[in-house]
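Visitor: model_2.txt is reproduced in full below (compact mmCIF, C-alpha atoms).
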```txt
# COMPACT_ATOMS: atom_id res chain seq x y z
CA MET A 236 166.03 -61.00 38.19
CA LYS A 237 164.14 -61.17 41.49
CA LYS A 238 163.20 -57.98 43.28
CA PHE A 239 163.17 -57.74 47.03
CA TYR A 240 161.42 -55.37 49.38
CA PRO A 241 163.70 -52.88 51.15
CA PRO A 242 164.03 -53.98 54.81
CA TYR A 243 162.55 -50.75 56.12
CA LEU A 244 159.16 -51.64 54.65
CA LYS A 245 158.75 -54.34 57.29
CA ASP A 246 158.65 -51.51 59.81
CA GLU A 247 156.13 -49.61 57.69
CA PHE A 248 153.77 -52.57 57.64
CA ALA A 249 154.18 -53.07 61.37
CA LYS A 250 153.26 -49.41 61.91
CA SER A 251 150.23 -49.85 59.66
CA LEU A 252 148.91 -52.67 61.85
CA ASN A 253 149.48 -50.65 65.02
CA LEU A 254 147.63 -47.70 63.51
CA ARG A 255 144.55 -49.74 62.70
CA LYS A 256 144.48 -51.27 66.16
CA LYS A 257 144.63 -47.78 67.59
CA LEU A 258 141.76 -46.65 65.36
CA THR A 259 139.67 -49.55 66.69
CA PHE A 260 140.55 -49.73 70.36
CA LYS A 261 141.64 -46.14 71.02
CA ALA A 262 138.81 -44.49 69.12
CA SER A 263 137.49 -41.08 70.08
CA GLU A 264 135.22 -40.96 73.12
CA ASP A 265 132.61 -39.37 70.85
CA ILE A 266 131.65 -42.79 69.49
CA TYR A 267 130.31 -43.96 72.84
CA SER A 268 126.71 -42.87 72.31
CA LEU A 269 123.40 -44.52 71.44
CA THR A 270 123.81 -43.56 67.78
CA PRO A 271 127.52 -43.33 66.92
CA PRO A 272 128.70 -42.42 63.42
CA PHE A 273 128.55 -45.15 60.79
CA PRO A 274 131.62 -47.33 61.44
CA ARG A 275 134.95 -47.17 59.69
CA GLU A 276 135.13 -50.95 59.50
CA ILE A 277 132.73 -53.63 58.28
CA THR A 278 133.34 -57.33 58.93
CA LEU A 279 131.74 -59.91 56.64
CA ASP A 280 131.96 -63.42 58.07
CA ILE A 281 131.86 -65.01 54.63
CA ASN A 282 132.02 -68.57 55.94
CA ASN A 283 131.90 -69.96 59.48
CA ARG A 284 133.52 -73.34 58.82
CA CYS A 285 137.03 -74.11 59.99
CA ASN A 286 139.53 -76.82 59.11
CA HIS A 287 141.14 -76.73 62.57
CA LYS A 288 139.80 -77.43 66.04
CA CYS A 289 141.84 -75.28 68.40
CA TYR A 290 141.03 -76.37 71.93
CA PHE A 291 140.30 -72.79 73.02
CA CYS A 292 138.00 -71.93 70.09
CA ALA A 293 134.20 -72.11 70.04
CA ASN A 294 133.96 -72.85 66.31
CA PRO A 295 133.42 -76.62 66.79
CA LYS A 296 130.33 -75.76 68.87
CA ILE A 297 128.59 -73.98 65.99
CA ARG A 298 125.27 -75.65 65.26
CA GLU A 299 124.51 -74.11 61.88
CA TYR A 300 127.32 -73.73 59.36
CA ASP A 301 126.66 -71.41 56.43
CA SER A 302 128.26 -69.12 53.84
CA LEU A 303 127.30 -65.51 53.16
CA ASP A 304 125.42 -65.04 49.88
CA LEU A 305 127.74 -63.42 47.34
CA LYS A 306 125.24 -60.95 45.88
CA LEU A 307 124.13 -59.89 49.34
CA ALA A 308 127.75 -59.44 50.41
CA PHE A 309 128.47 -57.22 47.39
CA LYS A 310 125.37 -55.14 48.17
CA LEU A 311 126.43 -54.70 51.79
CA MET A 312 129.97 -53.76 50.78
CA GLN A 313 128.65 -51.06 48.48
CA GLU A 314 126.27 -49.72 51.11
CA ALA A 315 129.01 -49.62 53.73
CA LYS A 316 131.38 -47.84 51.37
CA GLU A 317 128.73 -45.26 50.45
CA ASN A 318 128.24 -44.55 54.16
CA GLY A 319 131.94 -43.96 54.81
CA SER A 320 133.46 -47.34 55.71
CA THR A 321 137.08 -47.64 54.64
CA ASP A 322 138.15 -51.04 56.02
CA LEU A 323 136.79 -54.48 55.16
CA ALA A 324 137.46 -57.71 57.07
CA LEU A 325 136.50 -61.02 55.45
CA GLN A 326 136.38 -63.40 58.40
CA ALA A 327 135.16 -63.67 61.98
CA THR A 328 134.20 -67.11 63.26
CA GLY A 329 135.52 -69.19 60.34
CA GLU A 330 138.56 -69.86 58.17
CA PRO A 331 138.44 -67.60 55.05
CA PHE A 332 140.56 -69.91 52.87
CA MET A 333 137.83 -72.56 53.15
CA ASP A 334 135.75 -70.30 50.89
CA LYS A 335 136.86 -70.58 47.27
CA ARG A 336 135.07 -67.27 46.55
CA LEU A 337 137.57 -65.34 48.67
CA PRO A 338 139.35 -63.66 45.71
CA GLU A 339 135.96 -62.50 44.38
CA PHE A 340 135.17 -60.73 47.64
CA ILE A 341 138.52 -58.97 47.57
CA LYS A 342 138.23 -57.97 43.91
CA GLU A 343 134.82 -56.42 44.55
CA GLY A 344 136.10 -54.64 47.64
CA LYS A 345 138.93 -53.12 45.64
CA ARG A 346 136.55 -52.18 42.83
CA LEU A 347 134.55 -50.28 45.43
CA GLU A 348 137.83 -48.66 46.56
CA PHE A 349 138.01 -49.89 50.15
CA ASP A 350 141.29 -48.59 51.56
CA TYR A 351 142.14 -51.72 53.52
CA ILE A 352 140.96 -55.32 53.07
CA TYR A 353 142.31 -58.01 55.35
CA ILE A 354 141.93 -61.62 56.43
CA ASN A 355 143.05 -63.73 59.39
CA THR A 356 143.88 -67.39 58.78
CA ASN A 357 145.28 -70.45 60.51
CA GLY A 358 147.43 -70.82 57.39
CA ALA A 359 146.97 -74.51 56.68
CA LEU A 360 145.09 -73.87 53.43
CA ALA A 361 147.04 -70.75 52.43
CA ASN A 362 149.21 -72.56 49.90
CA SER A 363 150.44 -70.98 46.67
CA LYS A 364 147.44 -72.19 44.67
CA ARG A 365 144.92 -70.57 47.01
CA ALA A 366 146.93 -67.63 48.29
CA LYS A 367 148.17 -66.24 44.98
CA PRO A 368 144.68 -65.28 43.65
CA VAL A 369 143.90 -63.66 47.01
CA ILE A 370 147.10 -61.61 47.00
CA ASP A 371 146.79 -60.70 43.31
CA ALA A 372 143.19 -59.55 43.90
CA GLY A 373 144.54 -56.79 46.15
CA CYS A 374 144.40 -58.09 49.72
CA ASP A 375 146.08 -55.50 51.97
CA SER A 376 147.11 -57.81 54.79
CA ILE A 377 147.09 -61.44 55.83
CA LYS A 378 147.55 -62.43 59.45
CA PHE A 379 148.40 -65.99 60.43
CA SER A 380 147.18 -67.33 63.76
CA ILE A 381 149.92 -69.79 64.76
CA ASN A 382 149.36 -70.82 68.35
CA ALA A 383 152.36 -73.08 68.84
CA HIS A 384 155.86 -73.00 67.40
CA ASN A 385 156.76 -76.65 67.00
CA ARG A 386 155.00 -79.61 65.44
CA GLU A 387 154.12 -81.46 68.63
CA ASP A 388 152.60 -78.46 70.44
CA PHE A 389 150.83 -77.30 67.29
CA LYS A 390 149.00 -80.61 66.92
CA ARG A 391 147.98 -80.47 70.57
CA VAL A 392 146.64 -76.90 70.27
CA HIS A 393 145.20 -76.80 66.75
CA GLY A 394 143.99 -80.41 66.66
CA TYR A 395 145.79 -81.16 63.37
CA ASP A 396 149.36 -82.01 62.40
CA ASP A 397 149.72 -79.02 60.07
CA PHE A 398 152.64 -77.08 61.56
CA ASP A 399 155.12 -77.74 58.76
CA LYS A 400 152.49 -76.96 56.15
CA VAL A 401 151.57 -73.66 57.86
CA ILE A 402 155.17 -72.49 58.07
CA GLU A 403 155.78 -73.46 54.45
CA ASN A 404 152.74 -71.42 53.41
CA LEU A 405 153.84 -68.44 55.50
CA LYS A 406 157.28 -68.51 53.88
CA TRP A 407 155.81 -68.78 50.39
CA ILE A 408 153.51 -65.78 50.91
CA PHE A 409 156.32 -63.72 52.45
CA ASN A 410 158.68 -64.52 49.57
CA TYR A 411 156.02 -64.00 46.89
CA ARG A 412 155.19 -60.60 48.39
CA ASN A 413 158.83 -59.59 48.52
CA GLU A 414 159.85 -60.89 45.11
CA ASN A 415 156.97 -59.10 43.41
CA ASN A 416 157.06 -55.86 45.41
CA ILE A 417 153.43 -56.26 46.47
CA LYS A 418 152.09 -53.76 48.97
CA MET A 419 150.64 -56.14 51.54
CA GLY A 420 151.32 -56.63 55.23
CA ILE A 421 152.07 -60.11 56.58
CA TYR A 422 151.52 -60.66 60.30
CA VAL A 423 151.52 -63.50 62.81
CA SER A 424 149.81 -63.71 66.18
CA THR A 425 149.95 -66.38 68.85
CA VAL A 426 147.36 -66.90 71.56
CA LYS A 427 149.09 -67.57 74.85
CA ASN A 428 147.87 -70.92 76.10
CA SER A 429 148.59 -73.59 78.66
CA LYS A 430 149.44 -76.31 76.13
CA THR A 431 152.48 -74.61 74.63
CA ASP A 432 155.98 -73.78 75.83
CA PHE A 433 157.07 -70.64 74.00
CA VAL A 434 160.75 -70.41 73.12
CA ALA A 435 162.10 -67.05 71.95
CA GLU A 436 164.61 -68.70 69.61
CA ASP A 437 161.83 -70.58 67.81
CA ILE A 438 159.79 -67.43 67.34
CA GLU A 439 162.75 -65.54 65.93
CA LYS A 440 163.84 -68.31 63.58
CA VAL A 441 160.47 -69.57 62.34
CA ILE A 442 158.11 -66.62 62.70
CA ASN A 443 159.85 -63.23 62.78
CA ALA A 444 162.02 -64.06 59.80
CA ASN A 445 158.92 -64.54 57.65
CA CYS A 446 156.55 -61.74 58.61
CA ASP A 447 156.40 -58.00 59.24
CA LYS A 448 155.18 -58.19 62.82
CA PHE A 449 154.70 -60.93 65.41
CA GLU A 450 152.72 -60.48 68.61
CA PHE A 451 151.18 -62.49 71.40
CA ARG A 452 147.48 -62.29 72.16
CA GLU A 453 145.94 -63.11 75.50
CA ILE A 454 143.57 -66.05 75.60
CA SER A 455 139.87 -65.19 75.93
CA ASN A 456 136.61 -66.99 76.65
CA GLN A 457 135.63 -66.47 73.00
CA GLY A 458 132.86 -63.96 73.59
CA GLY A 459 131.46 -66.08 76.43
CA GLY A 460 131.33 -69.23 74.31
CA MET A 461 134.20 -71.05 76.05
CA MET A 462 133.63 -70.47 79.76
CA GLU A 463 135.21 -73.85 80.53
CA LEU A 464 138.60 -72.27 79.81
CA LYS A 465 138.40 -70.58 83.21
CA ASP A 466 139.57 -73.86 84.73
CA THR A 467 142.85 -74.05 82.80
CA GLU A 468 143.69 -70.63 81.35
CA ASP A 469 144.58 -67.17 82.64
CA ILE A 470 141.75 -65.06 81.22
CA LYS A 471 141.90 -61.36 81.99
CA GLU A 472 138.65 -59.51 82.63
CA GLY A 473 137.95 -56.64 80.27
CA ASN A 474 140.42 -57.77 77.62
CA VAL A 475 138.08 -57.81 74.64
CA LEU A 476 138.61 -61.18 72.92
CA GLY A 477 142.24 -61.16 74.10
CA SER A 478 143.08 -58.38 71.64
CA LEU A 479 144.57 -55.82 74.01
CA ARG A 480 147.92 -55.35 75.68
CA ASP A 481 147.91 -55.20 79.48
CA ASP A 482 148.14 -51.40 79.56
CA ASP A 483 145.33 -51.04 77.02
CA VAL A 484 142.65 -53.09 78.78
CA MET A 485 139.57 -50.90 78.96
CA SER A 486 136.96 -53.19 80.57
CA ARG A 487 134.41 -52.25 77.93
CA CYS A 488 133.65 -53.43 74.42
CA VAL A 489 134.20 -51.16 71.44
CA TYR A 490 132.47 -53.30 68.82
CA PRO A 491 128.86 -52.09 69.25
CA PHE A 492 130.13 -48.56 68.73
CA ASN A 493 132.64 -48.75 65.90
CA ARG A 494 132.32 -51.98 63.88
CA LEU A 495 129.59 -53.58 61.78
CA VAL A 496 129.67 -57.37 61.75
CA VAL A 497 127.54 -59.51 59.41
CA ASN A 498 127.36 -63.25 60.05
CA PRO A 499 127.16 -65.93 57.31
CA HIS A 500 123.38 -66.03 57.68
CA GLY A 501 123.09 -62.38 56.65
CA PHE A 502 122.39 -60.91 60.10
CA VAL A 503 124.17 -57.97 61.67
CA VAL A 504 125.55 -59.18 65.01
CA ALA A 505 127.17 -57.28 67.83
CA CYS A 506 130.40 -59.24 67.98
CA THR A 507 132.98 -61.01 65.83
CA ALA A 508 132.81 -63.91 68.31
CA ASP A 509 129.05 -64.52 68.18
CA PHE A 510 129.48 -68.24 67.56
CA HIS A 511 126.08 -69.10 69.02
CA LYS A 512 123.81 -66.50 67.36
CA LYS A 513 123.12 -64.88 70.72
CA LEU A 514 123.69 -61.31 69.55
CA GLU A 515 121.80 -61.01 66.26
CA ILE A 516 120.48 -57.49 65.74
CA GLY A 517 119.02 -57.16 62.25
CA ASP A 518 118.38 -59.08 59.02
CA THR A 519 120.23 -57.41 56.13
CA THR A 520 117.82 -58.94 53.61
CA LYS A 521 115.03 -56.89 55.20
CA ASN A 522 116.73 -53.71 56.40
CA THR A 523 119.65 -51.57 55.30
CA LEU A 524 122.85 -51.41 57.29
CA THR A 525 122.11 -47.83 58.32
CA GLU A 526 118.62 -48.77 59.54
CA ILE A 527 120.08 -51.57 61.63
CA TRP A 528 123.03 -49.49 62.88
CA ASN A 529 120.75 -46.68 64.06
CA GLY A 530 117.85 -48.93 65.10
CA LYS A 531 116.33 -49.34 68.53
CA LYS A 532 117.82 -52.79 69.16
CA PHE A 533 121.36 -51.57 68.62
CA GLN A 534 120.62 -48.55 70.80
CA TYR A 535 119.31 -50.88 73.51
CA LEU A 536 122.53 -52.90 73.44
CA ARG A 537 124.72 -49.79 73.47
CA LYS A 538 122.87 -48.38 76.48
CA LYS A 539 123.47 -51.65 78.30
CA HIS A 540 127.18 -51.31 77.62
CA LEU A 541 127.31 -47.62 78.50
CA ASP A 542 125.49 -48.25 81.78
CA LYS A 543 127.55 -51.40 82.43
CA LYS A 544 124.34 -53.33 83.06
CA LEU A 545 124.96 -56.49 81.07
CA ASP A 546 122.87 -58.87 83.17
CA ASN A 547 120.99 -61.41 81.01
CA LEU A 548 123.22 -60.71 78.00
CA PHE A 549 125.94 -62.99 76.63
CA CYS A 550 128.22 -59.93 76.76
CA ASN A 551 128.34 -60.30 80.53
CA LYS A 552 130.20 -63.61 80.20
CA CYS A 553 132.73 -62.09 77.84
CA ILE A 554 133.48 -58.76 79.51
CA ASN A 555 133.38 -59.92 83.13
CA ASN A 556 134.48 -63.54 82.56
CA ILE A 557 131.71 -64.97 84.72
CA GLU A 558 129.41 -67.94 84.25
CA CYS A 559 125.88 -66.57 84.47
CA LYS A 560 122.36 -67.00 83.18
CA THR A 561 121.83 -65.29 79.84
CA THR A 562 119.30 -64.95 77.05
CA ASN A 563 119.70 -63.95 73.43
CA LEU A 564 119.62 -60.28 72.51
CA ASN A 565 116.26 -60.47 70.71
CA GLU A 566 114.49 -61.81 73.77
CA ALA A 567 116.20 -59.36 76.12
CA PHE A 568 115.20 -56.47 73.86
CA GLU A 569 111.59 -57.59 73.48
CA LYS A 570 111.18 -58.07 77.24
CA ASN A 571 113.26 -54.97 78.03
CA LEU A 572 115.33 -56.95 80.51
```
Before we go any further, please render this structure as C-alpha cells.
Guide:
Amino acid sequence: MKKFYPPYLKDEFAKSLNLRKKLTFKASEDIYSLTPPFPREITLDINNRCNHKCYFCANPKIREYDSLDLKLAFKLMQEAKENGSTDLALQATGEPFMDKRLPEFIKEGKRLEFDYIYINTNGALANSKRAKPVIDAGCDSIKFSINAHNREDFKRVHGYDDFDKVIENLKWIFNYRNENNIKMGIYVSTVKNSKTDFVAEDIEKVINANCDKFEFREISNQGGGMMELKDTEDIKEGNVLGSLRDDDVMSRCVYPFNRLVVNPHGFVVACTADFHKKLEIGDTTKNTLTEIWNGKKFQYLRKKHLDKKLDNLFCNKCINNIECKTTNLNEAFEKNL
C-alpha cells in the first residue's frame, strides 16, 4: 500500500527554504569584515556543462568546460565540514545531472554529516533512472528551474523542446518522494523574462501541484556575463543574481562574506556566476580552504565591496548593472587597482 506525505509537510519544506535564504541573504552584520567566520555553506561546481541554452544564461559562453576532480572534492568537503560548514551545494554554472558522479558526491556529503545538501536543475535529465540514486543517496532538496510554463515558450527560452519531459520528471520526483516518505524538499523557480507570458492557472495546475514551493526570480545579468540583456530585460540594480525579493534588495553582495565557491577547475572563486574565470582567488590543490578564505586576495576583494569601490572588477557590472572596463581579480590584486 502506498504511503503519502501529510499535506502539512509541504509547508514545512517551504519554511525550510525560506530559512536558508534568510541565513544567506539576511546574515548577521558581523560577517561584513575582512576576515569573516568560515562560511556555513560551500558550493562545489562539480561540472560546468549544461544541456540547455537559456537565452539569458552565460553558460554557452564558457570557454573551458571541466569537471571537479572527485578526490579533491571529497577532500574539500571534509575540510569545510571540519571548519564548521553545514550546507553543501553541488552546482553553480552547470547542470548537475550531466555528471553521473552526482550520487557519489551526495553519499560522501552525508557520510561527513552535512546537514543540508541540495542541487538546482533544469529538470530535463532528472528522470527516474538518474534521479532515484540522487534521492536515495540523501539529497535534502532539489529545485527545478522552469522558466516557461508551456511547450512553445519553454523551447523559446531554454533552447530545447523539453517542457513535457521536465514536467514529467518533476511529477515523478514529487510522487516518489511522497510515496516513500522521503525527507526532501522539492522546489521550482521561474526567472521572469521577456519571452514568456505567465498565466497563473498554468502555474497552479502544472507547477504548484507538484512541488512544495514555487517562486519567481528576477532576471539578472549573470554576474556581469550577460550585459546584452540590458536591451531587452528589466534588470534591477543590487539584486544579487536575481535572487532577492523587491523589499530585500541590499545593493551589496553577500557571497564574498558567507559562501565558499569552488569551480570545476579546483579554484575558489568569489561568485556562483563566475562563468568567465574573472574572480578566481585561490588554487585548492596548493592551499587549504581556510588559507584561501583568510588570505590577502579575499581580503582585498572584501574591502572593495565594503568600500563600494568596484571599479576595474567584474563585480561592478553585476552589482551596478553597468557596462564598464574590467580586469580579472588576480591582475587587479597584483596591481592594487
Visitor: With a cut-off of 10 Å, could you pull out the residues of segment 386-499 of chain A touching segment 523-529 of chain A and give me the nearest pair of atoms for each, distance in Å to one decimal, using all atoms listed in the file, ordered by chain and ascending number, as a Markdown table?
Guide:
```
| residue | atom | partner | partner_atom | distance |
| --- | --- | --- | --- | --- |
| A:Pro491 | CA | A:Trp528 | CA | 9.0 |
| A:Phe492 | CA | A:Trp528 | CA | 9.2 |
| A:Arg494 | CA | A:Trp528 | CA | 9.7 |
| A:Leu495 | CA | A:Trp528 | CA | 7.8 |
| A:Val497 | CA | A:Leu524 | CA | 9.6 |
```
Visitor: Interatomic distance between atom CA of Asn382 of chain A and atom CA of Ala262 of chain A?
Guide: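 Taking atom CA of Asn382 of chain A and atom CA of Ala262 of chain A, their separation equals 28.4 Å.
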Visitor: Please, which residues in segment 240-315 of chain A fall within 9 Å of segment 509-512 of chain A when counting all atoms listed in the file, and what is the closest atom pair and distance in Å to one decimal for each, ordered by chain then residue number, as CSV?
Guide:
```
residue,atom,partner,partner_atom,distance
A:Asn283,CA,A:Phe510,CA,8.6
A:Ala293,CA,A:Phe510,CA,6.6
A:Asn294,CA,A:Phe510,CA,6.5
A:Lys296,CA,A:Phe510,CA,7.7
A:Ile297,CA,A:Phe510,CA,6.0
A:Arg298,CA,A:His511,CA,7.6
A:Glu299,CA,A:His511,CA,8.9
```
Visitor: I'd like to know which of A:Tyr290, A:Phe349, A:Phe273, A:Phe260 is closest to Tyr395 of chain A, using all atoms listed in the file.
Guide: A:Tyr290
Visitor: With all atoms listed in the file as the basis for distance, which of A:Leu269, A:Ile408, A:Ile438, A:Ala508 is at the shortest distance from Phe533 of chain A?
Guide: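 Looking only at the distances to Phe533 of chain A, the closest residue turns out to be A:Leu269.
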